[in-house]
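Engineer: As input, take query_25.pdb (PDB, C-alpha atoms, pLDDT in the B column):
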```
ATOM      1  CA  LYS A 264      27.662  59.530 -74.691  1.00 92.00           C
ATOM      2  CA  THR A 265      27.128  62.192 -72.056  1.00 92.00           C
ATOM      3  CA  TYR A 266      29.923  64.420 -73.351  1.00 92.00           C
ATOM      4  CA  LEU A 267      28.636  64.006 -76.896  1.00 93.00           C
ATOM      5  CA  ASN A 268      25.163  65.036 -75.761  1.00 94.00           C
ATOM      6  CA  TRP A 269      26.527  68.155 -74.019  1.00 93.00           C
ATOM      7  CA  ALA A 270      28.658  69.015 -77.057  1.00 91.00           C
ATOM      8  CA  GLN A 271      25.529  68.835 -79.218  1.00 92.00           C
ATOM      9  CA  GLN A 272      23.607  71.041 -76.780  1.00 94.00           C
ATOM     10  CA  PHE A 273      26.469  73.538 -76.741  1.00 92.00           C
ATOM     11  CA  ASP A 274      26.504  73.525 -80.548  1.00 90.00           C
ATOM     12  CA  TYR A 275      22.750  74.185 -80.580  1.00 92.00           C
ATOM     13  CA  PHE A 276      23.262  77.011 -78.062  1.00 93.00           C
ATOM     14  CA  LEU A 277      25.828  78.633 -80.366  1.00 91.00           C
ATOM     15  CA  GLN A 278      23.081  78.964 -83.004  1.00 89.00           C
ATOM     16  CA  GLY A 279      25.108  78.017 -86.046  1.00 84.00           C
ATOM     17  CA  ARG A 280      28.403  79.677 -85.128  1.00 86.00           C
ATOM     18  CA  LYS A 281      31.467  77.522 -85.607  1.00 84.00           C
ATOM     19  CA  PHE A 282      33.402  76.014 -82.725  1.00 77.00           C
ATOM     20  CA  ASP A 283      36.507  77.848 -83.950  1.00 79.00           C
ATOM     21  CA  GLU A 284      34.785  81.123 -83.027  1.00 81.00           C
ATOM     22  CA  VAL A 285      34.028  80.079 -79.431  1.00 83.00           C
ATOM     23  CA  LYS A 286      35.008  82.643 -76.811  1.00 83.00           C
ATOM     24  CA  PRO A 287      35.069  82.324 -73.026  1.00 81.00           C
ATOM     25  CA  GLN A 288      31.931  84.461 -72.871  1.00 85.00           C
ATOM     26  CA  ASP A 289      30.076  81.853 -74.943  1.00 87.00           C
ATOM     27  CA  VAL A 290      30.876  79.099 -72.469  1.00 86.00           C
ATOM     28  CA  GLU A 291      29.928  81.316 -69.518  1.00 87.00           C
ATOM     29  CA  ALA A 292      26.659  82.230 -71.254  1.00 89.00           C
ATOM     30  CA  PHE A 293      25.936  78.531 -71.866  1.00 90.00           C
ATOM     31  CA  LEU A 294      26.511  77.672 -68.215  1.00 87.00           C
ATOM     32  CA  SER A 295      24.379  80.625 -67.147  1.00 87.00           C
ATOM     33  CA  TYR A 296      21.630  79.489 -69.519  1.00 90.00           C
ATOM     34  CA  LEU A 297      21.740  76.032 -67.945  1.00 89.00           C
ATOM     35  CA  SER A 298      21.413  77.356 -64.414  1.00 85.00           C
ATOM     36  CA  VAL A 299      18.928  80.200 -64.959  1.00 88.00           C
ATOM     37  CA  ASP A 300      16.717  79.072 -67.825  1.00 89.00           C
ATOM     38  CA  ARG A 301      16.881  75.298 -67.588  1.00 89.00           C
ATOM     39  CA  LYS A 302      17.383  75.210 -63.801  1.00 88.00           C
ATOM     40  CA  VAL A 303      19.767  72.257 -63.872  1.00 87.00           C
ATOM     41  CA  SER A 304      21.629  71.166 -60.752  1.00 86.00           C
ATOM     42  CA  LYS A 305      25.149  72.293 -59.964  1.00 85.00           C
ATOM     43  CA  SER A 306      26.513  68.809 -60.622  1.00 86.00           C
ATOM     44  CA  THR A 307      24.870  68.850 -64.073  1.00 89.00           C
ATOM     45  CA  GLN A 308      26.473  72.230 -64.757  1.00 88.00           C
ATOM     46  CA  ASN A 309      29.839  70.750 -63.812  1.00 87.00           C
ATOM     47  CA  VAL A 310      29.371  67.809 -66.188  1.00 91.00           C
ATOM     48  CA  ALA A 311      28.430  70.232 -68.973  1.00 91.00           C
ATOM     49  CA  LEU A 312      31.512  72.352 -68.232  1.00 89.00           C
ATOM     50  CA  ASN A 313      33.754  69.285 -68.252  1.00 89.00           C
ATOM     51  CA  ALA A 314      32.271  68.206 -71.595  1.00 91.00           C
ATOM     52  CA  VAL A 315      32.846  71.630 -73.160  1.00 89.00           C
ATOM     53  CA  VAL A 316      36.411  71.785 -71.820  1.00 87.00           C
ATOM     54  CA  PHE A 317      37.043  68.300 -73.227  1.00 90.00           C
ATOM     55  CA  LEU A 318      35.625  69.435 -76.576  1.00 88.00           C
ATOM     56  CA  LEU A 319      37.850  72.506 -76.636  1.00 85.00           C
ATOM     57  CA  ARG A 320      41.006  70.706 -75.521  1.00 86.00           C
ATOM     58  CA  GLU A 321      40.843  67.320 -77.208  1.00 87.00           C
ATOM     59  CA  ILE A 322      38.780  67.917 -80.330  1.00 83.00           C
ATOM     60  CA  LEU A 323      39.467  71.553 -81.239  1.00 82.00           C
ATOM     61  CA  ASN A 324      43.053  71.679 -79.894  1.00 83.00           C
ATOM     62  CA  GLN A 325      42.389  74.904 -78.002  1.00 80.00           C
ATOM     63  CA  ASN A 326      43.723  75.767 -74.566  1.00 75.00           C
ATOM     64  CA  PRO A 327      40.683  76.074 -72.267  1.00 66.00           C
ATOM     65  CA  GLU A 328      42.905  76.687 -69.206  1.00 66.00           C
ATOM     66  CA  GLU A 329      43.398  80.268 -70.334  1.00 62.00           C
ATOM     67  CA  TYR A 330      39.615  80.779 -70.100  1.00 63.00           C
ATOM     68  CA  ARG A 331      39.685  80.269 -66.313  1.00 63.00           C
ATOM     69  CA  PHE A 332      36.314  78.592 -65.878  1.00 60.00           C
ATOM     70  CA  SER A 333      35.160  77.704 -62.406  1.00 60.00           C
ATOM     71  CA  HIS A 334      32.944  74.840 -61.383  1.00 59.00           C
ATOM     72  CA  ALA A 335      29.605  75.474 -59.717  1.00 60.00           C
ATOM     73  CA  LYS A 336      29.802  75.178 -55.962  1.00 62.00           C
ATOM     74  CA  ARG A 337      27.292  73.186 -53.992  1.00 61.00           C
ATOM     75  CA  GLY A 338      25.448  75.145 -51.381  1.00 64.00           C
ATOM     76  CA  LYS A 339      25.695  74.199 -47.739  1.00 68.00           C
ATOM     77  CA  ARG A 340      22.697  72.344 -46.425  1.00 72.00           C
ATOM     78  CA  LEU A 341      21.569  71.866 -42.909  1.00 73.00           C
ATOM     79  CA  PRO A 342      21.092  68.223 -41.992  1.00 75.00           C
ATOM     80  CA  LYS A 343      17.485  67.094 -41.706  1.00 78.00           C
ATOM     81  CA  VAL A 344      16.799  65.636 -38.321  1.00 79.00           C
ATOM     82  CA  ILE A 345      13.788  63.447 -37.695  1.00 66.00           C
TER      83      ILE A 345
END
```
Translate the structure of the given file into structure tokens.
Structural biologist:
Amino acid sequence: KTYLNWAQQFDYFLQGRKFDEVKPQDVEAFLSYLSVDRKVSKSTQNVALNAVVFLLREILNQNPEEYRFSHAKRGKRLPKVI
């Protein structure tokens, strides 16, 4: 259900363009939109990326490995001490 939801959001982000026309820049723009405009967490960005890669690989029979996407890295946090 989660991957389906992210695939639908990615489709909405593409604004009517077909999945066959997807370029690496489109996926990068989608991930950037999620982080900058929607301010989602890094783990949410990673789930969205995994869903889009699954869509490209399993549904559209494309090779997303050639796009060379990278997952969002979690920032280092200092431990909170009481």
Engineer: For Leu267 in chain A, which residue among A:Gln308, A:Phe317, A:Pro287, A:Leu323 is the nearest when counting only C-alpha atoms?
Structural biologist: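 With only C-alpha atoms as the atom set, the closest residue is A:Phe317.
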Engineer: What's the separation between CA of Leu319 in chain A and CA of Asp283 in chain A, in Å to one decimal place?
Structural biologist: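 So the two atoms, CA of Leu319 in chain A and CA of Asp283 in chain A, lie 9.2 Å apart.
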Engineer: Just checking: using only C-alpha atoms, which residue out of A:Leu277, A:Val310, A:Val290, A:Leu297 ends up closest to Lys264 in chain A?
Structural biologist: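 Among A:Leu277, A:Val310, A:Val290, A:Leu297, it is A:Val310 that comes nearest to Lys264 in chain A.
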Engineer: Expressed in Å to a single decimal, how great is the separation between CA of Phe273 in chain A and CA of Lys302 in chain A?
Structural biologist: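 Between CA of Phe273 in chain A and CA of Lys302 in chain A the gap is 15.9 Å.
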Engineer: Could you name the residues that touch Ser295 in chain A at 12 Å or less, counting only C-alpha atoms, but leaving out those on the same chain fewer than 3 positions away, as a PDB file with C-alpha atoms, in the frame of the given file?
Structural biologist:
```pdb
ATOM      1  CA  PHE A 276      23.262  77.011 -78.062  1.00 93.00           C
ATOM      2  CA  GLN A 288      31.931  84.461 -72.871  1.00 85.00           C
ATOM      3  CA  ASP A 289      30.076  81.853 -74.943  1.00 87.00           C
ATOM      4  CA  VAL A 290      30.876  79.099 -72.469  1.00 86.00           C
ATOM      5  CA  GLU A 291      29.928  81.316 -69.518  1.00 87.00           C
ATOM      6  CA  ALA A 292      26.659  82.230 -71.254  1.00 89.00           C
ATOM      7  CA  SER A 298      21.413  77.356 -64.414  1.00 85.00           C
ATOM      8  CA  VAL A 299      18.928  80.200 -64.959  1.00 88.00           C
ATOM      9  CA  ASP A 300      16.717  79.072 -67.825  1.00 89.00           C
ATOM     10  CA  ARG A 301      16.881  75.298 -67.588  1.00 89.00           C
ATOM     11  CA  LYS A 302      17.383  75.210 -63.801  1.00 88.00           C
ATOM     12  CA  VAL A 303      19.767  72.257 -63.872  1.00 87.00           C
ATOM     13  CA  SER A 304      21.629  71.166 -60.752  1.00 86.00           C
ATOM     14  CA  LYS A 305      25.149  72.293 -59.964  1.00 85.00           C
ATOM     15  CA  GLN A 308      26.473  72.230 -64.757  1.00 88.00           C
ATOM     16  CA  ASN A 309      29.839  70.750 -63.812  1.00 87.00           C
ATOM     17  CA  ALA A 311      28.430  70.232 -68.973  1.00 91.00           C
ATOM     18  CA  LEU A 312      31.512  72.352 -68.232  1.00 89.00           C
ATOM     19  CA  HIS A 334      32.944  74.840 -61.383  1.00 59.00           C
ATOM     20  CA  ALA A 335      29.605  75.474 -59.717  1.00 60.00           C
TER      21      ALA A 335
END
```
Engineer: CA of Ser306 in chain A to CA of Gln278 in chain A: how many Å, to one decimal?
Structural biologist: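 Atom-to-atom, CA of Ser306 in chain A to CA of Gln278 in chain A, that is 24.8 Å.
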